[in-house]
$ cat data-v7.txt   # compact mmCIF, C-alpha atoms
# COMPACT_ATOMS: atom_id res chain seq x y z
CA MET A 25 -48.00 0.34 8.53
CA LYS A 26 -46.02 3.54 8.16
CA LYS A 27 -42.67 3.67 6.42
CA ARG A 28 -40.99 4.57 9.72
CA ASN A 29 -42.18 1.34 11.29
CA ILE A 30 -40.88 -0.69 8.40
CA LYS A 31 -37.44 0.78 8.96
CA ILE A 32 -37.60 -0.17 12.61
CA ILE A 33 -38.66 -3.70 11.75
CA VAL A 34 -35.88 -4.03 9.20
CA HIS A 35 -33.40 -2.85 11.79
CA LYS A 36 -34.76 -5.25 14.40
CA PHE A 37 -34.72 -8.05 11.86
CA LEU A 38 -31.05 -7.47 11.07
CA CYS A 39 -30.23 -7.20 14.78
CA ASN A 40 -32.02 -10.48 15.39
CA THR A 41 -34.58 -8.88 17.69
CA ALA A 42 -37.65 -8.97 15.43
CA THR A 43 -40.63 -10.94 16.68
CA THR A 44 -42.20 -13.73 14.68
CA GLU A 45 -45.10 -11.44 13.84
CA GLU A 46 -42.75 -8.75 12.62
CA ILE A 47 -40.84 -11.22 10.43
CA GLU A 48 -44.14 -12.43 9.03
CA PHE A 49 -45.20 -8.88 8.28
CA LEU A 50 -41.82 -8.07 6.78
CA THR A 51 -41.94 -11.09 4.51
CA LYS A 52 -45.28 -10.00 3.08
CA TRP A 53 -44.16 -6.41 2.76
CA VAL A 54 -40.96 -7.34 0.92
CA GLN A 55 -42.97 -9.22 -1.70
CA LYS A 56 -44.32 -5.87 -2.88
CA ASN A 57 -41.43 -3.59 -1.96
CA LYS A 58 -38.19 -5.31 -2.88
CA LEU A 59 -36.35 -2.14 -3.96
CA SER A 60 -37.44 -0.21 -0.88
CA PHE A 61 -36.35 -3.06 1.30
CA GLN A 62 -32.95 -3.20 -0.35
CA GLU A 63 -32.54 0.54 0.19
CA ASP A 64 -33.63 0.25 3.81
CA VAL A 65 -31.22 -2.57 4.49
CA GLN A 66 -28.28 -0.73 3.01
CA LEU A 67 -29.12 2.50 4.82
CA ASN A 68 -29.66 0.66 8.06
CA HIS A 69 -26.26 -0.89 7.94
CA LEU A 70 -24.49 2.20 6.78
CA VAL A 71 -25.94 4.08 9.73
CA THR A 72 -25.57 1.46 12.40
CA GLY A 73 -22.21 0.19 11.24
CA LEU A 74 -23.18 -3.38 11.83
CA PHE A 75 -21.38 -4.66 8.84
CA GLU A 76 -18.13 -5.72 10.29
CA GLU A 77 -17.19 -8.91 8.55
CA GLU A 78 -17.54 -11.10 11.61
CA LYS A 79 -20.91 -9.61 12.53
CA ALA A 80 -22.13 -9.98 8.97
CA GLU A 81 -21.29 -13.67 9.06
CA ARG A 82 -23.13 -14.04 12.37
CA LEU A 83 -26.09 -12.13 10.97
CA LYS A 84 -26.25 -14.43 8.00
CA ARG A 85 -26.29 -17.48 10.25
CA ASP A 86 -28.92 -15.92 12.52
CA LEU A 87 -30.97 -14.92 9.53
CA LEU A 88 -31.13 -18.47 8.26
CA GLU A 89 -31.94 -19.78 11.72
CA ASN A 90 -34.68 -17.18 12.13
CA PHE A 91 -36.29 -18.19 8.93
CA GLU A 92 -35.99 -21.87 9.71
CA GLN A 93 -37.52 -21.44 13.17
CA PHE A 94 -40.20 -19.17 11.83
CA GLU A 95 -41.00 -21.61 9.09
CA ILE A 96 -41.19 -24.55 11.49
CA ARG A 97 -43.45 -22.79 13.93
CA GLU A 98 -45.64 -20.77 11.63
CA ARG A 99 -45.38 -21.51 7.96
CA ARG A 100 -44.43 -25.05 7.10
CA ASN A 101 -46.31 -24.75 3.87
CA GLN A 102 -44.42 -21.60 2.87
CA MET A 103 -40.92 -23.02 3.17
CA PHE A 104 -40.02 -22.41 -0.42
CA ASN A 105 -40.99 -18.73 -0.28
CA LEU A 106 -39.20 -18.13 2.98
CA LEU A 107 -35.98 -19.70 1.80
CA LYS A 108 -36.28 -17.68 -1.36
CA TYR A 109 -36.52 -14.48 0.67
CA ALA A 110 -33.84 -15.66 3.06
CA ALA A 111 -31.59 -16.00 0.05
CA PHE A 112 -32.69 -12.55 -1.04
CA PHE A 113 -31.90 -11.09 2.38
CA ILE A 114 -28.52 -12.81 2.48
CA GLY A 115 -27.72 -11.51 -0.96
CA ILE A 116 -28.52 -8.00 0.18
CA ILE A 117 -26.46 -8.40 3.32
CA VAL A 118 -23.47 -9.65 1.35
CA VAL A 119 -23.76 -6.79 -1.14
CA GLY A 120 -24.37 -4.34 1.69
CA THR A 121 -21.41 -5.70 3.60
CA LEU A 122 -19.10 -5.22 0.66
CA PHE A 123 -20.60 -1.79 0.03
CA TYR A 124 -20.21 -0.76 3.66
CA LEU A 125 -16.75 -2.20 4.13
CA ARG A 126 -15.59 -0.51 0.98
CA GLY A 127 -17.17 2.75 2.07
CA SER A 128 -15.78 2.56 5.60
CA THR A 129 -12.28 1.85 4.29
CA GLU A 130 -12.41 4.92 2.12
CA LYS A 131 -13.87 6.98 4.95
CA ASP A 132 -11.79 5.78 7.91
CA LEU A 133 -8.52 5.05 6.16
CA PRO A 134 -8.11 7.70 3.48
CA GLN A 135 -5.95 6.43 0.67
CA LYS A 136 -2.61 8.16 0.53
CA GLN A 137 -1.94 9.12 -3.03
CA ILE A 138 1.18 9.47 -5.08
CA THR A 139 1.70 13.19 -5.67
CA ILE A 140 3.73 15.32 -8.00
CA THR A 141 4.83 18.86 -7.20
CA LEU A 142 5.29 20.86 -10.37
CA GLY A 143 7.66 23.69 -11.14
CA ASP A 144 5.09 26.32 -10.18
CA GLY A 145 4.77 24.80 -6.70
CA SER A 146 1.37 23.28 -7.28
CA THR A 147 0.81 19.69 -6.18
CA LYS A 148 -1.51 17.19 -7.81
CA GLU A 149 -2.38 13.62 -7.13
CA ILE A 150 -1.30 10.90 -9.52
CA LEU A 151 -4.18 8.57 -10.10
CA ASN A 152 -3.38 5.06 -11.21
CA VAL A 153 -5.08 5.06 -14.58
CA GLU A 154 -4.67 2.57 -17.36
CA SER A 155 -4.91 5.02 -20.20
CA SER A 156 -2.27 7.61 -20.95
CA GLU A 157 -2.72 11.03 -19.42
CA LEU A 158 -0.89 14.22 -20.23
CA ILE A 159 0.64 15.52 -17.01
CA SER A 160 2.14 18.73 -18.28
CA SER A 161 2.40 20.11 -21.76
CA SER A 162 3.76 23.58 -21.18
CA GLY A 163 6.89 24.59 -23.07
CA THR A 164 9.13 22.20 -24.88
CA TYR A 165 8.61 19.14 -22.72
CA ALA A 166 5.71 16.96 -21.77
CA ALA A 167 5.12 13.93 -19.59
CA GLU A 168 2.63 11.17 -20.07
CA GLN A 169 1.30 8.78 -17.50
CA GLU A 170 0.88 5.11 -18.29
CA GLY A 171 -0.59 3.44 -15.23
CA SER A 172 2.03 3.58 -12.47
CA LYS A 173 4.65 5.17 -14.69
CA ILE A 174 5.36 8.73 -15.84
CA ILE A 175 7.40 9.24 -18.97
CA TYR A 176 9.06 12.57 -19.64
CA LYS A 177 9.73 13.11 -23.31
CA LYS A 178 11.90 15.59 -25.08
CA LYS A 179 10.24 16.83 -28.23
CA SER A 180 12.25 16.20 -31.36
CA GLY A 181 14.30 19.03 -32.81
CA LYS A 182 14.38 20.97 -29.56
CA THR A 183 17.49 21.68 -27.52
CA LEU A 184 18.01 23.02 -24.02
CA LYS A 185 21.09 25.18 -23.63
CA ASN A 186 22.78 25.72 -20.31
CA SER A 187 21.04 28.99 -19.67
CA GLY A 188 18.20 29.83 -17.41
CA PRO A 189 16.98 27.77 -14.48
CA LEU A 190 15.81 24.21 -14.86
CA VAL A 191 12.23 23.39 -13.95
CA TYR A 192 12.02 20.72 -11.27
CA ASN A 193 9.27 18.26 -10.39
CA THR A 194 9.11 16.25 -7.18
CA LEU A 195 7.34 12.93 -7.14
CA GLU A 196 6.39 11.52 -3.74
CA VAL A 197 5.32 7.94 -3.19
CA PRO A 198 3.57 7.11 0.12
CA TYR A 199 3.94 3.88 2.04
CA GLY A 200 2.19 0.97 0.37
CA LYS A 201 2.79 2.18 -3.19
CA LYS A 202 5.54 2.20 -5.81
CA PHE A 203 6.04 4.21 -8.97
CA GLU A 204 8.28 4.46 -12.03
CA ILE A 205 9.62 7.55 -13.73
CA VAL A 206 11.32 7.74 -17.09
CA LEU A 207 13.29 10.96 -17.10
CA SER A 208 13.69 13.11 -20.20
CA ASP A 209 17.12 11.57 -20.90
CA GLY A 210 15.64 8.06 -20.91
CA THR A 211 16.91 7.15 -17.43
CA GLU A 212 14.46 4.85 -15.66
CA VAL A 213 13.88 5.27 -11.94
CA TYR A 214 11.83 2.86 -9.84
CA LEU A 215 10.71 4.59 -6.65
CA ASN A 216 10.09 2.36 -3.69
CA THR A 217 7.37 2.95 -1.13
CA GLY A 218 7.79 6.00 1.12
CA SER A 219 10.22 7.73 -1.25
CA SER A 220 10.55 10.93 -3.23
CA LEU A 221 12.60 12.05 -6.21
CA THR A 222 13.27 15.62 -7.31
CA TYR A 223 14.39 15.95 -10.90
CA PRO A 224 14.39 18.46 -13.72
CA VAL A 225 11.61 18.18 -16.24
CA ALA A 226 14.38 18.34 -18.84
CA PHE A 227 18.15 18.20 -18.46
CA TYR A 228 20.51 20.60 -20.13
CA ASP A 229 22.03 19.37 -23.38
CA GLU A 230 25.42 19.42 -21.73
CA GLY A 231 26.62 19.21 -18.15
CA PRO A 232 25.63 17.15 -15.15
CA ARG A 233 22.25 15.53 -14.69
CA ASN A 234 21.39 15.95 -11.01
CA VAL A 235 18.51 14.42 -9.07
CA VAL A 236 17.72 14.25 -5.36
CA LEU A 237 16.47 11.06 -3.70
CA ARG A 238 14.90 10.51 -0.29
CA GLY A 239 13.96 6.91 0.43
CA GLU A 240 14.83 4.14 -1.97
CA ALA A 241 15.08 3.88 -5.74
CA TYR A 242 16.53 1.69 -8.44
CA PHE A 243 18.19 3.51 -11.35
CA TYR A 244 18.82 2.46 -14.94
CA VAL A 245 20.89 5.43 -16.02
CA LYS A 246 20.98 6.18 -19.72
CA SER A 247 24.59 6.39 -20.82
CA ASP A 248 25.75 9.88 -21.84
CA SER A 249 29.46 10.69 -21.71
CA LEU A 250 28.79 14.43 -21.92
CA ARG A 251 26.33 14.46 -19.04
CA PRO A 252 27.36 12.55 -15.91
CA PHE A 253 24.40 11.51 -13.81
CA SER A 254 24.45 12.35 -10.11
CA VAL A 255 22.16 11.30 -7.27
CA ASP A 256 22.10 13.37 -4.09
CA ALA A 257 21.03 10.84 -1.49
CA GLY A 258 21.70 12.85 1.63
CA LEU A 259 24.70 11.17 3.20
CA LEU A 260 26.18 10.03 -0.11
CA ASP A 261 26.52 11.49 -3.59
CA THR A 262 26.62 8.93 -6.38
CA ARG A 263 28.00 9.84 -9.81
CA VAL A 264 27.67 7.65 -12.87
CA LEU A 265 27.76 7.68 -16.65
CA GLY A 266 25.53 4.75 -17.45
CA THR A 267 24.75 1.92 -15.09
CA GLU A 268 22.24 0.14 -12.85
CA PHE A 269 22.21 0.58 -9.11
CA ASN A 270 20.01 0.78 -6.04
CA ILE A 271 20.15 3.51 -3.41
CA SER A 272 18.45 3.37 -0.03
CA ASN A 273 18.52 6.33 2.35
CA TYR A 274 15.32 6.33 4.38
CA PRO A 275 15.75 9.00 7.07
CA ASP A 276 14.81 6.67 9.93
CA ASP A 277 17.35 4.05 8.81
CA GLN A 278 20.25 6.33 9.76
CA TYR A 279 22.31 5.08 6.83
CA THR A 280 22.70 5.31 3.10
CA LYS A 281 23.48 2.25 1.00
CA VAL A 282 24.39 2.10 -2.67
CA VAL A 283 24.34 -1.33 -4.34
CA LEU A 284 25.81 -1.58 -7.83
CA VAL A 285 24.30 -4.09 -10.24
CA GLU A 286 26.05 -3.16 -13.49
CA GLY A 287 28.64 -0.61 -14.69
CA SER A 288 30.55 1.54 -12.25
CA VAL A 289 29.82 4.39 -9.90
CA SER A 290 31.89 6.78 -7.83
CA ILE A 291 30.71 7.78 -4.39
CA ASN A 292 31.49 10.74 -2.15
CA LYS A 293 30.29 11.64 1.28
CA GLY A 294 27.42 14.04 0.76
CA GLU A 295 28.63 16.34 3.52
CA ASP A 296 32.15 16.44 2.06
CA PRO A 297 32.08 16.63 -1.74
CA ALA A 298 35.83 17.20 -1.80
CA SER A 299 36.54 13.88 -0.09
CA GLN A 300 38.25 11.18 -2.10
CA ALA A 301 35.74 9.23 -4.15
CA ILE A 302 35.49 5.48 -3.88
CA PHE A 303 34.55 3.33 -6.86
CA LEU A 304 32.20 0.38 -6.75
CA LYS A 305 32.30 -2.73 -8.88
CA PRO A 306 29.17 -4.72 -9.71
CA TYR A 307 27.81 -6.70 -6.74
CA GLN A 308 29.44 -4.34 -4.28
CA MET A 309 27.70 -2.11 -1.76
CA ALA A 310 28.81 1.17 -0.24
CA SER A 311 27.39 1.82 3.23
CA TYR A 312 27.55 4.98 5.24
CA TYR A 313 26.20 4.94 8.77
CA VAL A 314 25.47 8.16 10.63
CA SER A 315 26.65 6.64 13.90
CA SER A 316 30.16 5.79 12.69
CA ALA A 317 30.53 8.34 9.87
CA ASN A 318 32.40 5.61 8.06
CA LEU A 319 32.08 4.81 4.36
CA ALA A 320 32.61 1.08 3.83
CA VAL A 321 32.53 -1.20 0.79
CA SER A 322 31.51 -4.86 0.85
CA ASP A 323 30.51 -7.65 -1.54
CA VAL A 324 26.79 -8.40 -1.40
CA ASP A 325 24.05 -10.60 -2.80
CA VAL A 326 22.21 -7.89 -4.76
CA SER A 327 18.94 -9.81 -4.94
CA SER A 328 17.93 -8.97 -1.39
CA HIS A 329 18.48 -5.28 -2.11
CA ILE A 330 16.59 -5.03 -5.41
CA ALA A 331 13.82 -7.63 -5.07
CA TRP A 332 11.39 -4.87 -4.01
CA LYS A 333 11.50 -3.56 -7.60
CA ASP A 334 9.64 -6.69 -8.71
CA GLY A 335 7.14 -6.45 -5.87
CA ILE A 336 8.94 -9.09 -3.79
CA LEU A 337 9.54 -8.82 -0.06
CA LEU A 338 12.80 -10.66 0.40
CA PHE A 339 14.49 -11.16 3.75
CA LYS A 340 17.83 -12.92 4.00
CA ASN A 341 19.01 -13.56 7.55
CA GLU A 342 17.58 -10.22 8.66
CA ASP A 343 16.63 -9.29 12.18
CA PHE A 344 13.00 -8.71 13.01
CA TYR A 345 13.55 -4.99 13.44
CA ARG A 346 14.69 -4.60 9.81
CA ILE A 347 11.88 -6.85 8.65
CA THR A 348 9.18 -4.86 10.42
CA LYS A 349 10.55 -1.67 8.86
CA LYS A 350 10.10 -3.24 5.44
CA LEU A 351 6.65 -4.54 6.34
CA GLU A 352 5.53 -1.11 7.56
CA ARG A 353 6.64 0.52 4.34
CA HIS A 354 5.34 -2.20 2.07
CA TYR A 355 1.90 -2.50 3.67
CA ASP A 356 1.57 1.04 5.08
CA ILE A 357 1.00 -0.25 8.59
CA GLU A 358 2.28 0.44 12.11
CA ILE A 359 3.96 -2.32 14.10
CA ASN A 360 4.50 -2.31 17.85
CA ILE A 361 6.47 -5.07 19.55
CA MET B 4 9.10 9.51 5.68
CA ILE B 5 9.45 7.86 9.07
CA SER B 6 8.26 4.34 9.75
CA LYS B 7 6.89 3.68 13.19
CA SER B 8 8.28 0.42 14.60
CA ILE B 9 8.41 0.43 18.39
CA PHE B 10 10.33 -2.40 20.04
CA LYS B 11 9.82 -3.35 23.63
CA ASP B 12 10.65 -7.03 23.29
CA VAL B 13 14.36 -7.29 22.58
CA GLU B 14 14.31 -11.07 22.22
CA VAL B 15 11.76 -11.05 19.41
CA SER B 16 13.41 -8.13 17.66
CA GLN B 17 16.85 -9.79 17.55
CA GLU B 18 15.73 -13.03 15.94
CA ARG B 19 16.97 -13.34 12.36
CA TYR B 20 14.78 -14.62 9.56
CA THR B 21 14.88 -15.50 5.87
CA GLY B 22 11.74 -15.35 3.79
CA ARG B 23 10.22 -14.36 0.48
CA PHE B 24 6.75 -12.91 -0.03
CA LYS B 25 5.03 -11.46 -3.04
CA THR B 26 1.26 -11.59 -2.99
CA GLU B 27 0.63 -12.38 0.67
CA THR B 28 -1.32 -10.09 2.97
CA ILE B 29 0.29 -8.77 6.15
CA ASP B 30 -1.67 -11.36 8.15
CA GLU B 31 -0.36 -14.16 5.95
CA VAL B 32 3.19 -12.87 6.37
CA LEU B 33 2.89 -12.70 10.15
CA ARG B 34 1.30 -16.15 10.31
CA ALA B 35 4.26 -17.46 8.30
CA PHE B 36 6.64 -16.02 10.89
CA GLN B 37 4.54 -17.57 13.64
CA ARG B 38 5.45 -21.00 12.29
CA ILE B 39 9.08 -20.51 13.26
CA LYS B 40 8.73 -18.10 16.17
CA GLU B 41 6.04 -18.24 18.82
CA PHE B 42 4.36 -14.90 19.21
CA GLU B 43 0.87 -13.48 19.23
CA TYR B 44 -0.27 -10.49 17.28
CA SER B 45 -3.35 -8.37 16.81
CA ASN B 46 -4.24 -6.30 13.77
CA ASP B 47 -6.50 -3.37 14.54
CA GLU B 48 -6.97 -1.14 11.52
CA ASP B 49 -3.41 -1.67 10.29
CA LYS B 50 -1.90 -1.17 13.74
CA ILE B 51 -0.09 -4.40 14.52
CA GLU B 52 0.72 -5.33 18.10
CA ILE B 53 3.17 -8.22 18.51
CA ASN B 54 3.71 -9.90 21.87
CA PRO B 55 5.47 -13.06 23.10
CA LYS B 56 3.11 -16.01 23.30
CA LYS B 57 1.76 -16.48 26.81
$ encode --input "data-v7.txt" --output "structure tokens"
Amino acid sequence: MKKRNIKIIVHKFLCNTATTEEIEFLTKWVQKNKLSFQEDVQLNHLVTGLFEEEKAERLKRDLLENFEQFEIRERRNQMFNLLKYAAFFIGIIVVGTLFYLRGSTEKDLPQKQITITLGDGSTKEILNVESSELISSSGTYAAEQEGSKIIYKKKSGKTLKNSGPLVYNTLEVPYGKKFEIVLSDGTEVYLNTGSSLTYPVAFYDEGPRNVVLRGEAYFYVKSDSLRPFSVDAGLLDTRVLGTEFNISNYPDDQYTKVVLVEGSVSINKGEDPASQAIFLKPYQMASYYVSSANLAVSDVDVSSHIAWKDGILLFKNEDFYRITKKLERHYDIEINI
Amino acid sequence: MISKSIFKDVEVSQERYTGRFKTETIDEVLRAFQRIKEFEYSNDEDKIEINPKK
């Protein structure tokens, strides 16, 4: 029999349309051509797309039934061999299923990657690698990647005077992922899913340390009395010396919220830097809603605002609308109700 | 970035819930909500459709 016919028989076998004679022929052929058969099976399923999980399960059941019926009718004395090959077929189907499902996921749902835009405007993907990787080594400063964290380091003995423009990087995290950045001053920033942070590769030795946030992030700001740290979060500007706080300003939320965990922060309306600053105490939240243009302060349970940092989805008496927003960002899905 | 929630069912969207999830899949999360609120959902390639239970 020609190779082409074998492929047809394999396809018919997997579609449960092979005749008893074809199964008998296939069984004999497989004894001598195991590798070819494996290749045919995988190709067949990659092409036909049969390997949806539910169909694969049905195929496995049908496969066993086929062999059992075939054995009963035609080959009682070959039961051991048939079951052996049934097991072989099932093994191939399971492997092929995993192979196909994995391949189809990569093909149909391209993975959105964390990206970094460098000072020269070029953008590169951040791959989640275990070993350290040098991101940029030009000039005085370098950054290393350790898994889902980038650490910017200032080389010893070097200083950066307040002259010349700073070089900025922008790190963007898509839905479904999180990332951590350690800035050159030692400040740690946890970026939540669907967020971006623009920051200088190195801060000046004196003067303000400014970063721009879109989305949500948790900050551990390294204390430095000579260099106040400022976060431009759209509707609100947050200024600190050294403290821990969470900022959320997703564009589709229509608000900006700052929750203070430790230390103190001052907050101004982003659109009106000259407005009188308000000061937060730990376990207080400043909220600014676009609709009311009102900056309000309230006491809060911080856990529900910062649990995301530890990979926890925490809802406390929240309406389903807010919950689905979090689910969409956390799982990178779309929800219609 | 803009999330894509679309609400047609006001009753479902105004329910308030408390919950904590860490390692669960989206299907496990939604099934957990189904224990306290009757609704049906479908998951077609990460597009979730939620409807009141008929």
$ residues_around --input "data-v7.txt" --residues "Lys201 in chain A" --least-positions-apart "5" --cutoff "9 Å" --atoms "all atoms listed in the file" --output "PyMOL selection string"
chain A and resi 136-138+215-218+353-356
$ closest_atom_pairs --input "data-v7.txt" --of "chain A" --to "chain B" --cutoff "6 Å" --atoms "only C-alpha atoms" --output "tab-separated table"
residue	atom	partner	partner_atom	distance
A:Gly218	CA	B:Met4	CA	5.9
A:Asp276	CA	B:Ile5	CA	5.6
A:Ile336	CA	B:Lys25	CA	4.6
A:Leu337	CA	B:Phe24	CA	5.0
A:Leu338	CA	B:Arg23	CA	4.5
A:Phe339	CA	B:Thr21	CA	4.8
A:Lys340	CA	B:Thr21	CA	4.3
A:Asn341	CA	B:Tyr20	CA	4.8
A:Glu342	CA	B:Arg19	CA	4.9
A:Asp343	CA	B:Arg19	CA	4.1
A:Phe344	CA	B:Ser16	CA	4.7
A:Tyr345	CA	B:Ser16	CA	5.3
A:Ile357	CA	B:Asp49	CA	4.9
A:Glu358	CA	B:Lys50	CA	4.8
A:Ile359	CA	B:Ile51	CA	4.6
A:Asn360	CA	B:Ile9	CA	4.8
A:Ile361	CA	B:Ile53	CA	4.7
$ residues_around --input "data-v7.txt" --residues "Leu142 in chain A" --least-positions-apart "3" --cutoff "6 Å" --atoms "all atoms listed in the file" --output "PyMOL selection string"
chain A and resi 145-146+193
$ atom_distance --input "data-v7.txt" --atom1 "CA of Ile175 in chain A" --atom2 "CA of Leu284 in chain A"
24.1 Å
$ atom_distance --input "data-v7.txt" --atom1 "CA of Gln308 in chain A" --atom2 "CA of Glu286 in chain A"
9.9 Å
$ atom_distance --input "data-v7.txt" --atom1 "CA of Ile205 in chain A" --atom2 "CA of Leu351 in chain A"
23.6 Å
$ build_atoms --input "data-v7.txt" --residues "range 28-53 of chain B" --atoms "N, CA and C atoms" --output "CSV table (one decimal), in the frame of the given file"
chain,number,residue,atom,x,y,z
B,28,THR,N,-0.9,-11.2,2.1
B,28,THR,CA,-1.3,-10.1,3.0
B,28,THR,C,-0.4,-10.0,4.2
B,29,ILE,N,-0.5,-8.9,4.9
B,29,ILE,CA,0.3,-8.8,6.2
B,29,ILE,C,-0.1,-9.9,7.2
B,30,ASP,N,-1.3,-10.3,7.2
B,30,ASP,CA,-1.7,-11.4,8.2
B,30,ASP,C,-1.0,-12.7,7.7
B,31,GLU,N,-1.0,-12.9,6.4
B,31,GLU,CA,-0.4,-14.2,6.0
B,31,GLU,C,1.1,-14.1,6.2
B,32,VAL,N,1.8,-13.0,6.1
B,32,VAL,CA,3.2,-12.9,6.4
B,32,VAL,C,3.5,-13.1,7.9
B,33,LEU,N,2.7,-12.5,8.7
B,33,LEU,CA,2.9,-12.7,10.2
B,33,LEU,C,2.6,-14.1,10.6
B,34,ARG,N,1.6,-14.7,10.0
B,34,ARG,CA,1.3,-16.2,10.3
B,34,ARG,C,2.4,-17.1,9.9
B,35,ALA,N,3.1,-16.7,8.8
B,35,ALA,CA,4.3,-17.5,8.3
B,35,ALA,C,5.4,-17.4,9.3
B,36,PHE,N,5.6,-16.2,9.9
B,36,PHE,CA,6.6,-16.0,10.9
B,36,PHE,C,6.3,-16.8,12.2
B,37,GLN,N,5.0,-16.9,12.4
B,37,GLN,CA,4.5,-17.6,13.6
B,37,GLN,C,4.9,-19.1,13.6
B,38,ARG,N,5.1,-19.6,12.4
B,38,ARG,CA,5.4,-21.0,12.3
B,38,ARG,C,6.8,-21.3,12.8
B,39,ILE,N,7.7,-20.3,12.8
B,39,ILE,CA,9.1,-20.5,13.3
B,39,ILE,C,9.4,-19.7,14.5
B,40,LYS,N,8.5,-18.8,14.9
B,40,LYS,CA,8.7,-18.1,16.2
B,40,LYS,C,7.4,-17.9,16.9
B,41,GLU,N,7.3,-18.3,18.1
B,41,GLU,CA,6.0,-18.2,18.8
B,41,GLU,C,5.8,-16.8,19.3
B,42,PHE,N,4.8,-16.2,18.7
B,42,PHE,CA,4.4,-14.9,19.2
B,42,PHE,C,2.9,-14.7,18.9
B,43,GLU,N,2.3,-13.8,19.5
B,43,GLU,CA,0.9,-13.5,19.2
B,43,GLU,C,0.8,-12.1,18.6
B,44,TYR,N,-0.2,-11.9,17.8
B,44,TYR,CA,-0.3,-10.5,17.3
B,44,TYR,C,-1.7,-10.1,17.1
B,45,SER,N,-2.0,-8.9,17.1
B,45,SER,CA,-3.4,-8.4,16.8
B,45,SER,C,-3.2,-7.3,15.7
B,46,ASN,N,-4.2,-7.2,14.9
B,46,ASN,CA,-4.2,-6.3,13.8
B,46,ASN,C,-5.5,-5.5,13.9
B,47,ASP,N,-5.4,-4.3,14.4
B,47,ASP,CA,-6.5,-3.4,14.5
B,47,ASP,C,-6.3,-2.2,13.6
B,48,GLU,N,-7.0,-2.2,12.5
B,48,GLU,CA,-7.0,-1.1,11.5
B,48,GLU,C,-5.5,-0.8,11.2
B,49,ASP,N,-4.8,-1.8,10.8
B,49,ASP,CA,-3.4,-1.7,10.3
B,49,ASP,C,-2.5,-1.2,11.4
B,50,LYS,N,-2.8,-1.4,12.6
B,50,LYS,CA,-1.9,-1.2,13.7
B,50,LYS,C,-1.6,-2.5,14.3
B,51,ILE,N,-0.4,-3.0,14.1
B,51,ILE,CA,-0.1,-4.4,14.5
B,51,ILE,C,0.6,-4.4,15.9
B,52,GLU,N,0.1,-5.2,16.8
B,52,GLU,CA,0.7,-5.3,18.1
B,52,GLU,C,1.2,-6.8,18.2
B,53,ILE,N,2.6,-6.9,18.4
B,53,ILE,CA,3.2,-8.2,18.5
B,53,ILE,C,3.7,-8.4,19.9
